[in-house]
Structure formats: C-alpha cells, structure tokens
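Chemist: TSV, C-alpha atoms, saved as start.tsv, coming up:
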chain	number	residue	atom	x	y	z
G	1	GLY	CA	-80.66	47.29	37.37
G	2	GLU	CA	-78.53	49.54	35.22
G	3	ASN	CA	-77.72	48.02	31.85
G	4	VAL	CA	-76.36	49.09	28.46
G	5	GLU	CA	-76.77	46.89	25.39
G	6	GLN	CA	-74.53	47.47	22.38
G	7	HIS	CA	-74.87	46.17	18.82
G	8	PRO	CA	-73.37	44.82	16.69
G	9	SER	CA	-70.56	43.01	18.45
G	10	THR	CA	-68.46	43.04	15.27
G	11	LEU	CA	-68.64	45.28	12.23
G	12	SER	CA	-66.61	45.08	9.05
G	13	VAL	CA	-66.72	47.88	6.46
G	14	GLN	CA	-64.75	48.94	3.42
G	15	GLU	CA	-62.57	52.00	3.70
G	16	GLY	CA	-64.62	55.08	2.88
G	17	ASP	CA	-67.93	53.55	3.95
G	18	SER	CA	-69.91	54.60	7.02
G	19	ALA	CA	-70.19	52.64	10.25
G	20	VAL	CA	-73.01	52.82	12.78
G	21	ILE	CA	-72.99	51.36	16.28
G	22	LYS	CA	-76.13	51.38	18.41
G	23	CYS	CA	-76.72	51.27	22.15
G	24	THR	CA	-79.73	51.15	24.41
G	25	TYR	CA	-79.78	51.97	28.11
G	26	SER	CA	-82.15	51.07	30.91
G	27	ASP	CA	-81.88	53.88	33.48
G	28	SER	CA	-84.07	56.82	32.55
G	29	ALA	CA	-81.99	59.00	34.92
G	30	SER	CA	-78.88	58.58	32.74
G	31	ASN	CA	-77.92	62.00	31.35
G	32	TYR	CA	-74.42	61.59	29.91
G	33	PHE	CA	-73.38	59.23	27.11
G	34	PRO	CA	-69.71	58.96	26.13
G	35	TRP	CA	-68.09	56.79	23.50
G	36	TYR	CA	-64.63	55.28	23.94
G	37	LYS	CA	-62.22	53.81	21.41
G	38	GLN	CA	-59.85	51.10	22.59
G	39	GLU	CA	-57.02	49.85	20.41
G	40	LEU	CA	-55.47	46.50	21.16
G	41	GLY	CA	-53.52	46.58	24.41
G	42	LYS	CA	-54.20	50.26	25.01
G	43	ARG	CA	-56.38	52.34	27.31
G	44	PRO	CA	-59.93	53.35	26.36
G	45	GLN	CA	-59.92	56.88	24.97
G	46	LEU	CA	-62.89	59.24	24.91
G	47	ILE	CA	-63.77	60.15	21.33
G	48	ILE	CA	-67.10	61.94	21.71
G	49	ASP	CA	-69.82	62.40	24.29
G	50	ILE	CA	-73.34	63.79	24.45
G	51	ARG	CA	-75.52	65.14	27.24
G	52	SER	CA	-79.19	64.43	27.56
G	53	ASN	CA	-80.17	68.02	26.74
G	54	VAL	CA	-78.83	67.59	23.19
G	55	GLY	CA	-80.11	65.32	20.42
G	56	GLU	CA	-77.04	65.23	18.20
G	57	LYS	CA	-73.38	66.17	18.32
G	58	LYS	CA	-70.78	66.07	15.57
G	59	ASP	CA	-67.00	66.22	15.53
G	60	GLN	CA	-65.48	65.95	12.06
G	61	ARG	CA	-66.17	62.38	10.84
G	62	ILE	CA	-67.81	61.27	14.09
G	63	ALA	CA	-71.35	62.00	15.22
G	64	VAL	CA	-73.54	60.78	18.04
G	65	THR	CA	-77.33	60.86	18.18
G	66	LEU	CA	-79.53	60.45	21.25
G	67	ASN	CA	-83.20	59.49	21.48
G	68	LYS	CA	-84.16	59.88	25.15
G	69	THR	CA	-87.70	58.65	24.66
G	70	ALA	CA	-86.55	55.36	23.19
G	71	LYS	CA	-83.38	55.27	25.36
G	72	HIS	CA	-81.23	54.78	22.27
G	73	PHE	CA	-77.99	56.41	21.24
G	74	SER	CA	-75.78	55.75	18.26
G	75	LEU	CA	-72.27	56.44	17.00
G	76	HIS	CA	-71.82	57.28	13.33
G	77	ILE	CA	-68.42	57.26	11.66
G	78	THR	CA	-68.29	58.53	8.08
G	79	GLU	CA	-65.52	58.06	5.50
G	80	THR	CA	-63.96	55.30	7.57
G	81	GLN	CA	-60.20	54.81	7.49
G	82	PRO	CA	-58.07	51.77	8.46
G	83	GLU	CA	-56.92	53.63	11.59
G	84	ASP	CA	-60.55	53.66	12.78
G	85	SER	CA	-60.20	49.90	13.35
G	86	ALA	CA	-60.56	49.30	17.10
G	87	VAL	CA	-63.06	48.27	19.75
G	88	TYR	CA	-65.68	50.93	20.48
G	89	PHE	CA	-67.58	51.12	23.77
G	90	CYS	CA	-70.68	53.12	24.52
G	91	ALA	CA	-71.52	54.07	28.09
G	92	ALA	CA	-74.31	55.69	30.05
G	93	SER	CA	-74.01	57.55	33.32
G	94	GLY	CA	-75.43	56.00	36.44
G	95	SER	CA	-77.80	57.89	38.69
G	96	GLY	CA	-76.72	60.60	41.12
G	97	ASN	CA	-74.14	62.53	39.06
G	98	THR	CA	-71.27	60.51	40.53
G	99	GLY	CA	-69.78	60.11	37.09
G	100	LYS	CA	-70.10	56.33	37.35
G	101	LEU	CA	-70.46	54.83	33.87
G	102	ILE	CA	-72.20	51.66	32.72
G	103	PHE	CA	-70.45	50.32	29.62
G	104	GLY	CA	-71.76	48.32	26.72
G	105	GLN	CA	-70.10	45.10	25.67
G	106	GLY	CA	-68.12	46.68	22.85
G	107	THR	CA	-68.09	46.61	19.04
G	108	THR	CA	-65.02	45.46	17.14
G	109	LEU	CA	-64.81	47.61	14.02
G	110	GLN	CA	-62.63	46.44	11.15
G	111	VAL	CA	-62.05	48.83	8.26
G	112	LYS	CA	-60.70	47.02	5.23
G	113	PRO	CA	-58.38	48.99	2.95
X	1	ASP	CA	-48.58	65.70	34.39
X	2	THR	CA	-49.04	63.47	31.37
X	3	GLY	CA	-52.18	61.61	32.39
X	4	VAL	CA	-53.35	58.82	34.63
X	5	SER	CA	-50.54	56.51	35.67
X	6	GLN	CA	-50.98	52.93	36.90
X	7	ASN	CA	-48.43	50.57	38.39
X	8	PRO	CA	-47.50	47.86	37.89
X	9	ARG	CA	-48.47	47.28	34.25
X	10	HIS	CA	-48.50	43.53	34.71
X	11	LYS	CA	-48.77	41.32	37.77
X	12	ILE	CA	-48.64	37.54	37.94
X	13	THR	CA	-49.48	36.05	41.30
X	14	LYS	CA	-50.27	32.69	42.79
X	15	ARG	CA	-53.77	31.94	43.95
X	16	GLY	CA	-54.23	32.96	47.57
X	17	GLN	CA	-51.66	35.76	47.52
X	18	ASN	CA	-52.48	39.42	48.13
X	19	VAL	CA	-51.82	42.04	45.48
X	20	THR	CA	-51.90	45.85	45.50
X	21	PHE	CA	-52.16	48.19	42.54
X	22	ARG	CA	-51.52	51.92	42.47
X	23	CYS	CA	-53.17	54.69	40.47
X	24	ASP	CA	-51.93	58.28	40.16
X	25	PRO	CA	-54.70	60.43	38.67
X	26	ILE	CA	-54.38	63.72	36.83
X	27	SER	CA	-53.46	66.11	39.62
X	28	GLU	CA	-56.41	68.49	39.37
X	29	HIS	CA	-58.99	65.69	39.07
X	30	ASN	CA	-60.87	65.08	42.30
X	31	ARG	CA	-62.86	62.08	41.10
X	32	LEU	CA	-61.19	58.68	40.79
X	33	TYR	CA	-62.70	55.42	39.59
X	34	TRP	CA	-61.63	51.79	39.47
X	35	TYR	CA	-62.96	49.47	36.78
X	36	ARG	CA	-62.28	45.87	35.86
X	37	GLN	CA	-62.19	44.68	32.26
X	38	THR	CA	-62.11	41.07	31.11
X	39	LEU	CA	-61.37	39.96	27.57
X	40	GLY	CA	-64.09	40.91	25.12
X	41	GLN	CA	-66.10	42.90	27.66
X	42	GLY	CA	-66.61	46.52	28.51
X	43	PRO	CA	-65.14	47.99	31.70
X	44	GLU	CA	-67.13	47.09	34.80
X	45	PHE	CA	-67.46	49.62	37.64
X	46	LEU	CA	-65.82	48.69	40.95
X	47	THR	CA	-65.62	51.81	43.09
X	48	TYR	CA	-65.49	55.61	43.09
X	49	PHE	CA	-63.77	58.30	45.17
X	50	GLN	CA	-64.60	61.97	45.47
X	51	ASN	CA	-61.38	63.38	46.90
X	52	GLU	CA	-60.49	60.98	49.74
X	53	ALA	CA	-64.04	59.74	50.33
X	54	GLN	CA	-65.08	56.40	48.86
X	55	LEU	CA	-68.66	57.17	47.89
X	56	GLU	CA	-69.77	54.09	46.01
X	57	LYS	CA	-68.80	50.43	45.74
X	58	SER	CA	-70.18	47.91	43.31
X	59	ARG	CA	-72.14	45.02	44.74
X	60	LEU	CA	-69.78	42.88	42.66
X	61	LEU	CA	-66.88	43.96	44.88
X	62	SER	CA	-66.38	41.21	47.42
X	63	ASP	CA	-64.90	41.84	50.85
X	64	ARG	CA	-61.55	40.63	49.48
X	65	PHE	CA	-61.29	43.92	47.59
X	66	SER	CA	-60.43	47.18	49.29
X	67	ALA	CA	-59.51	50.56	47.91
X	68	GLU	CA	-58.12	53.69	49.48
X	69	ARG	CA	-57.32	57.21	48.40
X	70	PRO	CA	-55.46	58.85	51.27
X	71	LYS	CA	-55.30	62.63	51.06
X	72	GLY	CA	-57.33	62.59	47.86
X	73	SER	CA	-54.31	62.01	45.64
X	74	PHE	CA	-53.16	58.55	44.51
X	75	SER	CA	-55.29	55.48	45.10
X	76	THR	CA	-54.54	51.85	45.84
X	77	LEU	CA	-56.64	48.78	45.12
X	78	GLU	CA	-55.84	45.67	47.13
X	79	ILE	CA	-57.11	42.18	46.44
X	80	GLN	CA	-56.66	39.68	49.26
X	81	ARG	CA	-56.56	35.92	48.81
X	82	THR	CA	-56.61	36.17	45.02
X	83	GLU	CA	-58.65	33.71	42.98
X	84	GLN	CA	-58.31	32.75	39.33
X	85	GLY	CA	-61.53	34.61	38.61
X	86	ASP	CA	-59.78	37.85	39.63
X	87	SER	CA	-57.63	37.67	36.49
X	88	ALA	CA	-58.47	40.78	34.49
X	89	MET	CA	-57.30	44.23	33.50
X	90	TYR	CA	-57.82	46.73	36.33
X	91	LEU	CA	-58.35	50.22	34.99
X	92	CYS	CA	-58.21	53.46	36.89
X	93	ALA	CA	-59.79	56.66	35.59
X	94	SER	CA	-60.05	60.21	36.85
X	95	SER	CA	-62.19	63.22	36.09
X	96	LEU	CA	-63.20	66.62	37.32
X	97	ASP	CA	-66.39	67.19	39.26
X	98	GLY	CA	-69.43	67.31	37.06
X	99	ARG	CA	-70.73	70.77	36.17
X	100	GLY	CA	-74.27	71.12	37.37
X	101	ALA	CA	-76.16	67.93	36.63
X	102	TYR	CA	-73.68	66.50	34.14
X	103	PRO	CA	-70.48	64.56	34.79
X	104	TYR	CA	-67.29	65.07	32.82
X	105	GLY	CA	-65.63	62.42	30.72
X	106	TYR	CA	-62.87	60.25	32.10
X	107	THR	CA	-59.22	59.88	31.36
X	108	PHE	CA	-58.26	56.24	31.77
X	109	GLY	CA	-54.89	54.87	32.79
X	110	SER	CA	-53.23	52.07	30.85
X	111	GLY	CA	-54.32	49.53	33.42
X	112	THR	CA	-52.75	46.75	35.45
X	113	ARG	CA	-53.15	43.30	33.96
X	114	LEU	CA	-53.50	40.72	36.72
X	115	THR	CA	-52.97	37.04	36.08
X	116	VAL	CA	-53.70	34.63	38.92
X	117	VAL	CA	-52.14	31.20	38.42
Spell out the structure here as structure tokens.
Modeler:
Amino acid sequence: GENVEQHPSTLSVQEGDSAVIKCTYSDSASNYFPWYKQELGKRPQLIIDIRSNVGEKKDQRIAVTLNKTAKHFSLHITETQPEDSAVYFCAASGSGNTGKLIFGQGTTLQVKP
Amino acid sequence: DTGVSQNPRHKITKRGQNVTFRCDPISEHNRLYWYRQTLGQGPEFLTYFQNEAQLEKSRLLSDRFSAERPKGSFSTLEIQRTEQGDSAMYLCASSLDGRGAYPYGYTFGSGTRLTVV
C-alpha cells in the first residue's frame, strides 16, 4: 500500500546550523511532494513543495531535493532560527491526481538559541 | 475569505453519541479533503470531494463515518455512535484542481479536536 517513512523523529540543532529531514515513499506513481510545518496547536502550513519533473527547489533558507529512482526526498533548512522549531511533515501524492496526500510521521525540530 | 474555517474548534462527547463537524473551504477551491490526526502522527486521509462528488474514501473510514458536501461548498463530517478511539483532531483542507498531471498544495483549517469520554 501507499506509505511514507520520515526520519528522524526528533532533531535538535544549534541556532545557525543546518537541519535535514529525509523521507522515502512507496508509490512510484507519486508525483507531488509537499512539506508542511505545524506549530503546537496550529494547523499544518505548506512551506515548500516539489513536483516529480524537478530534482531540486529552493526558497530562501529552505530547499527540497527529490531522487525519483531511489524514491527519496529531503528537506534542508539552512541558518536555522528558533522560530523554525516545530513539527515538520513530508507527504507524497497518491495515485490518480486526486490531490490525496500520504503523510510521514513527522519530525520535531528544536532549534536551540 | 480568510482561509479554511472549521467548527467547532473543540468537541467533547460521551461514547455512543453522534457528532457533526463543519468545514468551509476557500470559496474558489473545488477540492475538499478530510484528514484525522492523532497525537504524534501525521494527518491520515479520510475522504475527498471534487465539487459535490465524494470521489474517494479511505478503507479506514468505518460505516459510522459519513461526509457530505452539498452544492460543492461547505462540507460536514458526521461520526455516529462515537467510540473512544475516535478521539483525534479532524482536519479539513481545500485546494484547486491540479494543473495537468500535478495537484496543488492544500490549505488546512485549524481543525476540530474531538474528545470522546
């Protein structure tokens, strides 16, 4: 069945360091890979996404890379700040272009000042 | 239109009671999704509407769960005969139709937190 694995489950970094979160997906038909940030008690918010026809996408301090062959994608946050502390979820689209997303289990990122 | 709106924000109910949640999507979005999120987990897909048509339901969705989207606008999710295992955050999201082969990203609502006691 459709599955997305996300690692690590928790990540602690010093302010200014980089953070990397990795995901793997099972459905080779997946073609859209968004990342969401969820602060405590708030809604998940889309921070960056990538389509399967692109290998890398960058938006200021955030970048996402995609390896379709290996079915891996990763989120990279550079120059981390305390306000980056949150839970991050990766997701992969299900088949059929319905927009259905399969989410990973989440990574709790703590950025220490 | 400031985003996806969900009501109520919190609901406490006794086991065996029925509950209904409402979602108002972004007005121009024709796709609407319901997800369930338990503590420490990612959102789990429940069901999806394209306009008023319910096009997909998760196998996890028992027959106690039903969702509607009359006229392709707001949606309701009803849980009958609630069980303690139904306690979770119920998230609604909306999006535009995908362009070509690719879907668009979602906007999530703030969710309805259900506690079954």
Chemist: With only C-alpha atoms as the counted atoms, please give the residues lying no more than 12 Å from Gly94 in chain G, apart from itself and same-chain residues fewer than 4 positions off, as a PyMOL selection string.
Modeler: (chain G and resi 1-4+25-33+98-103) or (chain X and resi 45+48+56+58+101-103)
Chemist: Interatomic distance between CA of Asp49 in chain G and CA of Asn67 in chain G?
Modeler: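 According to the coordinates, CA of Asp49 in chain G and CA of Asn67 in chain G are separated by 14.0 Å.
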Chemist: Please, which residues in chain X fall within 9 Å of chain G when counting all atoms listed in the file, and what is the closest atom pair and distance in Å to one decimal for each, ordered by chain then residue number, as JSON lines?
Modeler:
{"residue": "X:Arg31", "atom": "CA", "partner": "G:Gly99", "partner_atom": "CA", "distance": 8.2}
{"residue": "X:Tyr33", "atom": "CA", "partner": "G:Lys100", "partner_atom": "CA", "distance": 7.8}
{"residue": "X:Gly40", "atom": "CA", "partner": "G:Gln105", "partner_atom": "CA", "distance": 7.3}
{"residue": "X:Gln41", "atom": "CA", "partner": "G:Gln105", "partner_atom": "CA", "distance": 5.0}
{"residue": "X:Gly42", "atom": "CA", "partner": "G:Gln105", "partner_atom": "CA", "distance": 4.7}
{"residue": "X:Pro43", "atom": "CA", "partner": "G:Phe103", "partner_atom": "CA", "distance": 6.2}
{"residue": "X:Glu44", "atom": "CA", "partner": "G:Phe103", "partner_atom": "CA", "distance": 6.9}
{"residue": "X:Phe45", "atom": "CA", "partner": "G:Leu101", "partner_atom": "CA", "distance": 7.1}
{"residue": "X:Thr47", "atom": "CA", "partner": "G:Lys100", "partner_atom": "CA", "distance": 8.6}
{"residue": "X:Tyr48", "atom": "CA", "partner": "G:Lys100", "partner_atom": "CA", "distance": 7.4}
{"residue": "X:Gln50", "atom": "CA", "partner": "G:Thr98", "partner_atom": "CA", "distance": 8.4}
{"residue": "X:Leu55", "atom": "CA", "partner": "G:Thr98", "partner_atom": "CA", "distance": 8.5}
{"residue": "X:Glu56", "atom": "CA", "partner": "G:Thr98", "partner_atom": "CA", "distance": 8.6}
{"residue": "X:Leu91", "atom": "CA", "partner": "G:Arg43", "partner_atom": "CA", "distance": 8.2}
{"residue": "X:Ser95", "atom": "CA", "partner": "G:Gly99", "partner_atom": "CA", "distance": 8.3}
{"residue": "X:Asp97", "atom": "CA", "partner": "G:Gly99", "partner_atom": "CA", "distance": 8.1}
{"residue": "X:Gly98", "atom": "CA", "partner": "G:Asn97", "partner_atom": "CA", "distance": 7.0}
{"residue": "X:Gly100", "atom": "CA", "partner": "G:Asn97", "partner_atom": "CA", "distance": 8.8}
{"residue": "X:Ala101", "atom": "CA", "partner": "G:Asn97", "partner_atom": "CA", "distance": 6.3}
{"residue": "X:Tyr102", "atom": "CA", "partner": "G:Asn97", "partner_atom": "CA", "distance": 6.3}
{"residue": "X:Pro103", "atom": "CA", "partner": "G:Gly99", "partner_atom": "CA", "distance": 5.1}
{"residue": "X:Tyr104", "atom": "CA", "partner": "G:Gly99", "partner_atom": "CA", "distance": 7.0}
{"residue": "X:Gly105", "atom": "CA", "partner": "G:Pro34", "partner_atom": "CA", "distance": 7.0}
{"residue": "X:Tyr106", "atom": "CA", "partner": "G:Leu46", "partner_atom": "CA", "distance": 7.3}
{"residue": "X:Thr107", "atom": "CA", "partner": "G:Gln45", "partner_atom": "CA", "distance": 7.1}
{"residue": "X:Phe108", "atom": "CA", "partner": "G:Arg43", "partner_atom": "CA", "distance": 6.2}
{"residue": "X:Gly109", "atom": "CA", "partner": "G:Arg43", "partner_atom": "CA", "distance": 6.2}
{"residue": "X:Ser110", "atom": "CA", "partner": "G:Arg43", "partner_atom": "CA", "distance": 4.7}
{"residue": "X:Gly111", "atom": "CA", "partner": "G:Arg43", "partner_atom": "CA", "distance": 7.0}
Chemist: Quick one: residues within 6 Å of Val4 in chain X, all atoms listed in the file counted, chain neighbours fewer than 4 positions away excluded, as a PDB file with C-alpha atoms, keeping the file's coordinate frame?
Modeler:
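This is the output file result_37.pdb:
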ATOM      1  CA  ASP X  24     -51.930  58.280  40.160  1.00  0.00           C
ATOM      2  CA  PRO X  25     -54.700  60.430  38.670  1.00  0.00           C
ATOM      3  CA  ILE X  26     -54.380  63.720  36.830  1.00  0.00           C
ATOM      4  CA  GLY X 109     -54.890  54.870  32.790  1.00  0.00           C
TER       5      GLY X 109
END
Chemist: What is the distance between CA of Arg36 in chain X and CA of Ser73 in chain X, in Å to one decimal?
Modeler: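 Separation of CA of Arg36 in chain X and CA of Ser73 in chain X: 20.5 Å.
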Chemist: Within 8 Å of Met89 in chain X, counting all atoms listed in the file, which residues qualify if same-chain residues fewer than 4 places away don't, as a PyMOL selection string?
Modeler: chain X and resi 36-38+111-114
Chemist: Which neighbours of Asn18 in chain X fall inside 6 Å, counting all atoms listed in the file, when residues of the same chain fewer than 2 positions from it are skipped, and could you give them as an MDAnalysis selection string?
Modeler: chainID X and resid 79:81
Chemist: Measuring atom to atom with all atoms listed in the file, identify which of G:Asp59, G:Glu15, G:Glu79, G:Asp84 is nearest to Glu39 in chain G.
Modeler: G:Asp84
Chemist: Go through G:Leu11, G:Ala86, G:Val20, G:Leu109 one by one, measure the shortest atom-to-atom distance of each to Arg61 in chain G using all atoms listed in the file, and give the residue with the smallest value.
Modeler: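 Residue with the minimum atom-to-atom distance to Arg61 in chain G: G:Val20.
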Chemist: In Å, how far is it from CA of Val64 in chain G to CA of Ala19 in chain G?
Modeler: 11.8 Å
Chemist: Find the residues near Asn7 in chain X: any atom within 7 Å, counting only C-alpha atoms, skip ones fewer than 2 places away on the same chain, and give them as a list of chain:residue names.
Modeler: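 So, after excluding close chain neighbours, the residues are X:Ser5, X:Arg9, X:Phe21, X:Arg22, X:Cys23, X:Thr112.
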Chemist: Take the point (-55.6, 32.3, 46.9) as written in the file and pick out every residue within 9 Å of it, counting all atoms listed in the file; give the list as a ChimeraX atom specification.
Modeler: /X:14-18,80-84,116
